[in-house]
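**Student:** Sharing a structure below in structure tokens format, with a few things to ask.
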Amino acid sequence: MTGLSATPETIAPPRFEPALMRRKLTGTLFYGACLAAIGILIVALLALLLNVLIVGLPWLDVDFITSMPSRRPTQAGILPALVGSIQLAIIVGLITFPVGIGAALYLAEYAPDSRVTRLLQTNISNLAGVPSIIYGIFGLAIFVRLLGLGPVLFSGAATLALVILPLVIIASIEVIKAVPQAQREGAYALGASRWQMVRSSVLPAAAPGIMTGIILAMARAIGEAAPLVVVGAAAFVTSLPQPLSGSFTVLPIQVFNWAQRPQADFQGIAAAAIIVILVLVFILNLLALVVRARLSRHIQW
Amino acid sequence: MIAAPPTIRIMTSDRRAVNAPADAAPVIELRDVSCFYGSFRAVRNVDLKIAPQRITALIGPSGCGKSTLIRTINRMNDLVPSFRAEGTVLLDGQDLFAREVDPVAVRRRVGMVFQKPNPFPKSIWENVAFGPKINGFKGDLDELVERSLRRAALWDDVKDKLKQSGMALSGGQQQRLCIARTIAIDPEVILMDEPCSALDPRSTRQIEELMVELKRDYTIVIVTHNMQQAARASDTTVFLTMGEDRAGYVVEQGETVSIFTNPQNQLTEDYVSGRFG
Amino acid sequence: MAAGQIQLTRRRPWSERIIEALLFAAASLGVLTTIGIVVLLTYQTVQFFQIVNLIDFLTGTVWSASIEPYKFGVLALVSGTLLVATIAMIIGTPLGLLSAILLSEYSSNRVRNIVKPVLETIAGIPTIVLGFFAINFLSPDVLKPIFGDDIGIFSALAGGIVVGILITPLIASISEDAMRAVPRGLREGAYAMGATKFEVVRKVVLPAAVSGVMASIVLAMSRAVGETMAVVLAVGTRPQLTFNPLESVQTMTAFIVQITQGETSQGSVQFLSLFAVAMVLFVITFALNLASAWIVRRYRTAY
């Protein structure tokens with residue numbers, strides 16, 4: 001081991017100029033920049049909300065919610081769009097629930113560690129990054145044309161389900177993987193088969209997280225418009241939508257249609273419809289929180 | 001144990017005494033220091049004097065606040081939001097907790113080596129040069145890096161691979177790298193928080209030999225669980241234990257030989273003879 | 001066989017197998033969708049290139065699908081998309097990174113309770129709302145006063161700004177995760193040598209988290225390229241190759257919306273052009289997503 005030499009060394013002391021003040025100042029400026037960034041975001045968010053509220057609130061009344069759309073803004077309403085959005089959310093939820101949980105369960109519990117499995121997983125990650133409008137094109141070709149359903153609500157719902165499925169699957173897999181191994185082993189040790197174990201140990205524990213994920217995905221679906229435009233949501237619908245027949249519309253499409261017109265009145269009802277969308281999204285987010293809180297009360301690892 | 005006759009040498013810091021007789025003024029002094037995490041008192045009423053150019057070992061059972069104590073000295077505990085210290089900590093007579101004292105400045109003069117070696121995921125050269133660069137070093141950086149690596153007994157191992165990642169080294173080498181980068185900024189005191197507990201016996205011995213070399217220029221305070229290590233390597237030993245209120249306190253301190261062969265306090269004797277801890 | 005012996009062998013009941021098969025089917029839906037998308041786009045794109053020359057399509061800078069003479073130079077649309085996406089990145093990257101650093105390094109309860117809800121709210125806003133904000137407020141009341149006659153009601157800048165806000169939460173959350181993953185020991189080592197907090201962030205944490213941060217930026221770029229509703233309202237329908245952010249342009253996504261909204265007959269070259277544009281969009285976003293995953297694998301700092 002190299003040590004110091006035995007003779008005394010004369011080493012000049014190393015010179016340091018720590019410049020503490022300057023360095024601290026730089027640090028404070030940086031912190032200020034971080035605060036400024038969040039400040040900008042807060043200002044933008046507030047501006048957006050205020051803009052929508054100021055323009056839209058005057059137009060928001062019971063008539064607005066319960067009327068059909070009309071060429072005259074003062075008489076226009078969002079009833080078909082609102083009903084359409086709600087129906088859409090429900091159907092999307094119903095489709096996503098079994099398929100999403102099923103796929104997540106397979107990948108998290110059943111799939112062996114093989115190339116096929118990795119392929120499936122990579123595939124789902126890739127699908128999560130595909131722009132939603134491309135799903136719209138796919139939905140147009142498959143549900144509307146190939147399966148002959150036509151541009152009906154169900155086609156739109158099925159398309160949107162495809163959009164949010166990758167996200168639901170990825171989130172559900174994480175929730176399932178978070179269930180401690182001890183739970184599974186307990187069931188196996190009693191002689192349970194794989195499905196029995198999953199049903200008794202994994203699903204109840206993962207349920208709150210999965211439900212939360214699905215509800216949040218439904219909130220996302222309520223706000224989506226691009227795929228539905230492609231699938232053929234109509235711009236002007238004067239009857240309540242039926243899932244499998246007739247033209248349909250949803251709130252974002254109605255907003256899109258009205259917002260494109262420069263007249264202040266149309267901007268007003270567009271903003272009013274936006275408020276309704278935001279309220280629905282807010283309710284769903286709240287629901288997700290409540291679901292998570294209540295159902296996971298019993299779960300303590 | 002009397003120190004060898006002091007050799008005349010120009011010290012690497014103008015604040016240090018040219019000689020270091022055995023009864024020189026303490027470089028670090030703790031007066032009635034208590035440490036709190038929130039409302040929990042971790043360390044109680046500690047009085048401590050650390051003599052310059054000696055190795056002082058803090059020993060005691062786990063949980064009695066040894067790490068908390070040394071992290072208070074270099075103000076690392078400032079990073080813990082609930083931490084609070086009472087009492088006085090003096091470095092060369094200067095109160096380290098005075099309002100105008102900047103922890104960043106303290107840490108340049110009081111260095112620390114951690115239990116788990118933590119080199120940066122950068123090259124070996126960058127690891128050693130990190131401290132000097134941020135502290136505004138004026139001079140030949142390559143020369144300083146080489147000098148620091150030599151004094152940490154690492155130069156021969158790495159002189160051909162300075163550009164390699166510091167994390168590619170073995171555990172013992174990584175710890176010596178951490179020592180090298182600490183001495184590159186020329187601190188007065190080096191605090192070591194169980195530096196060998198994650199290392200194999202051979203690396204441990206190398207680090208202990210290194211410590212004995214380094215004490216000629218630096219004051220070293222080491223926290224260790226390993227009593228044999230304290231007995232082998234240190235000049236002064238401080239024994240702490242945990243009281244009933246779960247706060248650590250100093251039981252006894254003195255020359256290492258006395259602590260181990262002739263302890264004054266029964267608790268000390270019980271600990272060093274292995275009856276508890 | 002003695003009377004009390006337990007039957008230890010048992011064939012897996014077919015109910016188990018059915019369940020596993022069903023679950024496998026659900027998981028395979030993903031692969032089917034991907035194959036479906038690729039097949040569909042390829043098939044229609046090939047049909048499109050029976051009519052329009054491939055080279056002209058890929059290198060042409062004029063796009064005029066509905067007005068004669070028909071020209072299908074996709075660069076006009078791609079440049080529109082890239083212009084908007086670039087502006088979005090210029091805005092979103094600093095905002096997202098600084099927010100992430102705030103959350104990961106300067107995190108106190110007060111900070112977290114403000115920053116996290118703000119980011120999550122922005123992430124939850126439907127993109128159509130951002131598009132409305134752009135044309136109802138941002139363009140007329142903010143950009144017009146600043147730029148006067150140089151800017152109209154539609155501009156790449158307006159679209160870029162709102163998309164920038166949109167992608168900020170994405171960059172922030174992935175970057176924050178990457179920074180949080182840097183072990184505490186590395187930070188402590190730097191502090192112990194007398195580094196200031198900013199120096200620890202700049203010289204230790206960010207370099208160690210760089211692969212995650214870069215991946216988040218590439219993912220955000222992909223998101224910005226694929227964004228539809230916010231840009232379709234804000235940016236306009238004038239496909240042109242320009243680098244001037246004050247101009248109105250048309251993005252690939254906006255064109256797709258335009259064609260499907262109108263009365264284009266199936267089989268017409270306009271309709272087929274939709275698939276060709278969608279193919280380009282798909283390839284670009286897919287490549288960006290792959291790049292993002294590759295960055296994480298290749299540049300992950302070992303610590």
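FYI, nothing fancy with the structure tokens labels: chains A, B, ... in order, residues from 1 per chain, ligands from 1 as they appear.
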So that I can check the surroundings of Thr56 in chain B, please list as an mmCIF file with N, CA and C atoms, in the first residue's frame every protein, DNA and RNA residue that reaches within 9 Å of it, counting only C-alpha atoms and ignoring chain neighbours fewer than 6 positions away.
**Tutor:**
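Saved file out32.cif follows:
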data_model
loop_
_atom_site.group_PDB
_atom_site.id
_atom_site.type_symbol
_atom_site.label_atom_id
_atom_site.label_comp_id
_atom_site.auth_asym_id
_atom_site.auth_seq_id
_atom_site.Cartn_x
_atom_site.Cartn_y
_atom_site.Cartn_z
ATOM 1 N N ILE B 50 -12.868 16.934 20.803
ATOM 2 C CA ILE B 50 -12.139 16.151 19.807
ATOM 3 C C ILE B 50 -10.777 16.793 19.634
ATOM 4 N N THR B 219 -7.952 15.648 11.384
ATOM 5 C CA THR B 219 -8.552 15.080 12.587
ATOM 6 C C THR B 219 -9.628 14.110 12.146
ATOM 7 N N ILE B 220 -9.632 12.932 12.744
ATOM 8 C CA ILE B 220 -10.579 11.926 12.267
ATOM 9 C C ILE B 220 -11.500 11.507 13.399
ATOM 10 N N VAL B 221 -12.783 11.508 13.127
ATOM 11 C CA VAL B 221 -13.770 11.001 14.075
ATOM 12 C C VAL B 221 -14.484 9.841 13.395
ATOM 13 N N ILE B 222 -14.465 8.695 14.042
ATOM 14 C CA ILE B 222 -15.059 7.540 13.397
ATOM 15 C C ILE B 222 -16.117 6.924 14.299
ATOM 16 N N VAL B 223 -17.269 6.667 13.713
ATOM 17 C CA VAL B 223 -18.311 5.921 14.415
ATOM 18 C C VAL B 223 -18.134 4.464 14.019
ATOM 19 N N ALA B 230 -12.069 -0.070 16.960
ATOM 20 C CA ALA B 230 -11.809 1.095 17.809
ATOM 21 C C ALA B 230 -10.537 0.877 18.618
ATOM 22 N N SER B 234 -7.878 3.646 17.051
ATOM 23 C CA SER B 234 -8.135 4.997 17.545
ATOM 24 C C SER B 234 -7.217 5.392 18.682
ATOM 25 N N ASP B 235 -7.103 6.705 18.884
ATOM 26 C CA ASP B 235 -6.330 7.236 20.006
ATOM 27 C C ASP B 235 -7.232 7.534 21.194
ATOM 28 N N THR B 236 -8.394 8.075 20.890
ATOM 29 C CA THR B 236 -9.360 8.415 21.941
ATOM 30 C C THR B 236 -10.647 7.668 21.662
ATOM 31 N N THR B 237 -11.314 7.231 22.688
ATOM 32 C CA THR B 237 -12.582 6.529 22.497
ATOM 33 C C THR B 237 -13.661 7.185 23.331
ATOM 34 N N VAL B 238 -14.833 7.314 22.737
ATOM 35 C CA VAL B 238 -15.985 7.839 23.456
ATOM 36 C C VAL B 238 -17.039 6.748 23.460
ATOM 37 N N THR B 256 -7.867 5.556 24.425
ATOM 38 C CA THR B 256 -8.400 4.258 24.043
ATOM 39 C C THR B 256 -7.887 3.139 24.944
#
**Student:** Could you build a table of the residues in chain C lying no more than 7 Å from chain B, giving for each the nearest pair of atoms and their separation in Å rounded to one decimal place, using only C-alpha atoms, ordered by chain and ascending residue number, as CSV?
**Tutor:**
residue,atom,partner,partner_atom,distance
C:Gly185,CA,B:Asn118,CA,5.8
C:Leu186,CA,B:Asn118,CA,5.7
C:Gly189,CA,B:Asn118,CA,6.4
C:Ala192,CA,B:Arg107,CA,5.5
C:Met193,CA,B:Arg108,CA,5.4
C:Gly194,CA,B:Arg107,CA,4.6
C:Ala195,CA,B:Val104,CA,6.2
C:Thr196,CA,B:Val104,CA,6.2
C:Thr301,CA,B:Pro121,CA,7.0
C:Ala302,CA,B:Pro121,CA,6.8
C:Tyr303,CA,B:Pro121,CA,6.1
**Student:** Within 8 Å of chain A, which residues of chain C come that close, and what is the closest atom pair and distance in Å for each? Count only C-alpha atoms and give it as JSON lines.
**Tutor:**
{"residue": "C:Glu16", "atom": "CA", "partner": "A:Trp195", "partner_atom": "CA", "distance": 6.6}
{"residue": "C:Ile19", "atom": "CA", "partner": "A:Trp195", "partner_atom": "CA", "distance": 7.7}
{"residue": "C:Glu20", "atom": "CA", "partner": "A:Tyr106", "partner_atom": "CA", "distance": 7.3}
{"residue": "C:Leu22", "atom": "CA", "partner": "A:Gly102", "partner_atom": "CA", "distance": 7.6}
{"residue": "C:Leu23", "atom": "CA", "partner": "A:Gly102", "partner_atom": "CA", "distance": 4.8}
{"residue": "C:Phe24", "atom": "CA", "partner": "A:Tyr106", "partner_atom": "CA", "distance": 5.9}
{"residue": "C:Ala25", "atom": "CA", "partner": "A:Ala103", "partner_atom": "CA", "distance": 7.6}
{"residue": "C:Ala26", "atom": "CA", "partner": "A:Ala103", "partner_atom": "CA", "distance": 4.7}
{"residue": "C:Ala27", "atom": "CA", "partner": "A:Ala103", "partner_atom": "CA", "distance": 4.0}
{"residue": "C:Ser28", "atom": "CA", "partner": "A:Leu120", "partner_atom": "CA", "distance": 6.9}
{"residue": "C:Gly30", "atom": "CA", "partner": "A:Ile124", "partner_atom": "CA", "distance": 5.9}
{"residue": "C:Val31", "atom": "CA", "partner": "A:Asn123", "partner_atom": "CA", "distance": 6.3}
{"residue": "C:Thr34", "atom": "CA", "partner": "A:Leu127", "partner_atom": "CA", "distance": 7.1}
{"residue": "C:Gly36", "atom": "CA", "partner": "A:Phe138", "partner_atom": "CA", "distance": 7.6}
{"residue": "C:Ile37", "atom": "CA", "partner": "A:Phe138", "partner_atom": "CA", "distance": 6.0}
{"residue": "C:Leu40", "atom": "CA", "partner": "A:Phe138", "partner_atom": "CA", "distance": 7.4}
{"residue": "C:Pro94", "atom": "CA", "partner": "A:Ala37", "partner_atom": "CA", "distance": 7.7}
{"residue": "C:Leu95", "atom": "CA", "partner": "A:Ala37", "partner_atom": "CA", "distance": 5.2}
{"residue": "C:Leu98", "atom": "CA", "partner": "A:Cys34", "partner_atom": "CA", "distance": 4.9}
{"residue": "C:Ser99", "atom": "CA", "partner": "A:Ile38", "partner_atom": "CA", "distance": 6.3}
{"residue": "C:Ile101", "atom": "CA", "partner": "A:Cys34", "partner_atom": "CA", "distance": 7.6}
{"residue": "C:Leu102", "atom": "CA", "partner": "A:Cys34", "partner_atom": "CA", "distance": 6.3}
{"residue": "C:Val115", "atom": "CA", "partner": "A:Ile38", "partner_atom": "CA", "distance": 6.9}
{"residue": "C:Val118", "atom": "CA", "partner": "A:Ile42", "partner_atom": "CA", "distance": 6.7}
{"residue": "C:Ile122", "atom": "CA", "partner": "A:Leu45", "partner_atom": "CA", "distance": 7.1}
{"residue": "C:Gly124", "atom": "CA", "partner": "A:Arg220", "partner_atom": "CA", "distance": 7.3}
{"residue": "C:Ile125", "atom": "CA", "partner": "A:Leu278", "partner_atom": "CA", "distance": 7.6}
{"residue": "C:Pro126", "atom": "CA", "partner": "A:Gly223", "partner_atom": "CA", "distance": 4.7}
{"residue": "C:Thr127", "atom": "CA", "partner": "A:Gly223", "partner_atom": "CA", "distance": 7.3}
{"residue": "C:Ile128", "atom": "CA", "partner": "A:Pro252", "partner_atom": "CA", "distance": 6.7}
{"residue": "C:Val129", "atom": "CA", "partner": "A:Ile274", "partner_atom": "CA", "distance": 6.7}
{"residue": "C:Leu130", "atom": "CA", "partner": "A:Leu48", "partner_atom": "CA", "distance": 7.7}
{"residue": "C:Phe132", "atom": "CA", "partner": "A:Ala259", "partner_atom": "CA", "distance": 6.5}
{"residue": "C:Phe133", "atom": "CA", "partner": "A:Leu48", "partner_atom": "CA", "distance": 6.0}
{"residue": "C:Asn136", "atom": "CA", "partner": "A:Gln267", "partner_atom": "CA", "distance": 7.5}
{"residue": "C:Phe137", "atom": "CA", "partner": "A:Asn51", "partner_atom": "CA", "distance": 7.0}
{"residue": "C:Ile165", "atom": "CA", "partner": "A:Leu41", "partner_atom": "CA", "distance": 7.5}
{"residue": "C:Thr196", "atom": "CA", "partner": "A:Lys24", "partner_atom": "CA", "distance": 6.9}
{"residue": "C:Lys197", "atom": "CA", "partner": "A:Gly27", "partner_atom": "CA", "distance": 6.9}
{"residue": "C:Phe198", "atom": "CA", "partner": "A:Gly27", "partner_atom": "CA", "distance": 4.9}
{"residue": "C:Glu199", "atom": "CA", "partner": "A:Gly27", "partner_atom": "CA", "distance": 7.7}
{"residue": "C:Ser222", "atom": "CA", "partner": "A:Gly129", "partner_atom": "CA", "distance": 7.7}
{"residue": "C:Arg223", "atom": "CA", "partner": "A:Pro131", "partner_atom": "CA", "distance": 7.2}
{"residue": "C:Gly226", "atom": "CA", "partner": "A:Pro131", "partner_atom": "CA", "distance": 4.8}
{"residue": "C:Glu227", "atom": "CA", "partner": "A:Pro131", "partner_atom": "CA", "distance": 6.9}
{"residue": "C:Thr228", "atom": "CA", "partner": "A:Ala226", "partner_atom": "CA", "distance": 6.3}
{"residue": "C:Met229", "atom": "CA", "partner": "A:Ala226", "partner_atom": "CA", "distance": 6.2}
{"residue": "C:Leu233", "atom": "CA", "partner": "A:Gln260", "partner_atom": "CA", "distance": 6.9}
{"residue": "C:Thr253", "atom": "CA", "partner": "A:Ile133", "partner_atom": "CA", "distance": 7.3}
{"residue": "C:Ile256", "atom": "CA", "partner": "A:Val230", "partner_atom": "CA", "distance": 7.8}
{"residue": "C:Val257", "atom": "CA", "partner": "A:Val230", "partner_atom": "CA", "distance": 6.5}
{"residue": "C:Thr260", "atom": "CA", "partner": "A:Val230", "partner_atom": "CA", "distance": 5.5}
{"residue": "C:Gln261", "atom": "CA", "partner": "A:Val229", "partner_atom": "CA", "distance": 7.0}
{"residue": "C:Ala278", "atom": "CA", "partner": "A:Ile134", "partner_atom": "CA", "distance": 6.6}
{"residue": "C:Phe282", "atom": "CA", "partner": "A:Val130", "partner_atom": "CA", "distance": 7.0}
{"residue": "C:Thr285", "atom": "CA", "partner": "A:Val130", "partner_atom": "CA", "distance": 6.8}
{"residue": "C:Phe286", "atom": "CA", "partner": "A:Val130", "partner_atom": "CA", "distance": 7.0}
{"residue": "C:Asn289", "atom": "CA", "partner": "A:Gly129", "partner_atom": "CA", "distance": 6.7}
{"residue": "C:Leu290", "atom": "CA", "partner": "A:Asn126", "partner_atom": "CA", "distance": 8.0}
**Student:** Could you pull out the alpha helix (DSSP H) residues of range 52-176 of chain B, going by DSSP on the backbone, and write them as number ranges by chain?
**Tutor:** B: 66-73, 103-109, 124-134, 141-151, 155-158, 171-176
**Student:** For Ala231 in chain B, which residue out of B:Thr88, B:Gln253, B:Val212, B:Phe260 is the nearest one, using only C-alpha atoms?
**Tutor:**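 Comparing B:Thr88, B:Gln253, B:Val212, B:Phe260 against Ala231 in chain B, the winner is B:Phe260.
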**Student:** For the strand (DSSP E) assignment from backbone DSSP, which residues of range 32-151 of chain C qualify? Please present them as a PyMOL selection string.
**Tutor:** chain C and resi 63-64+71-72
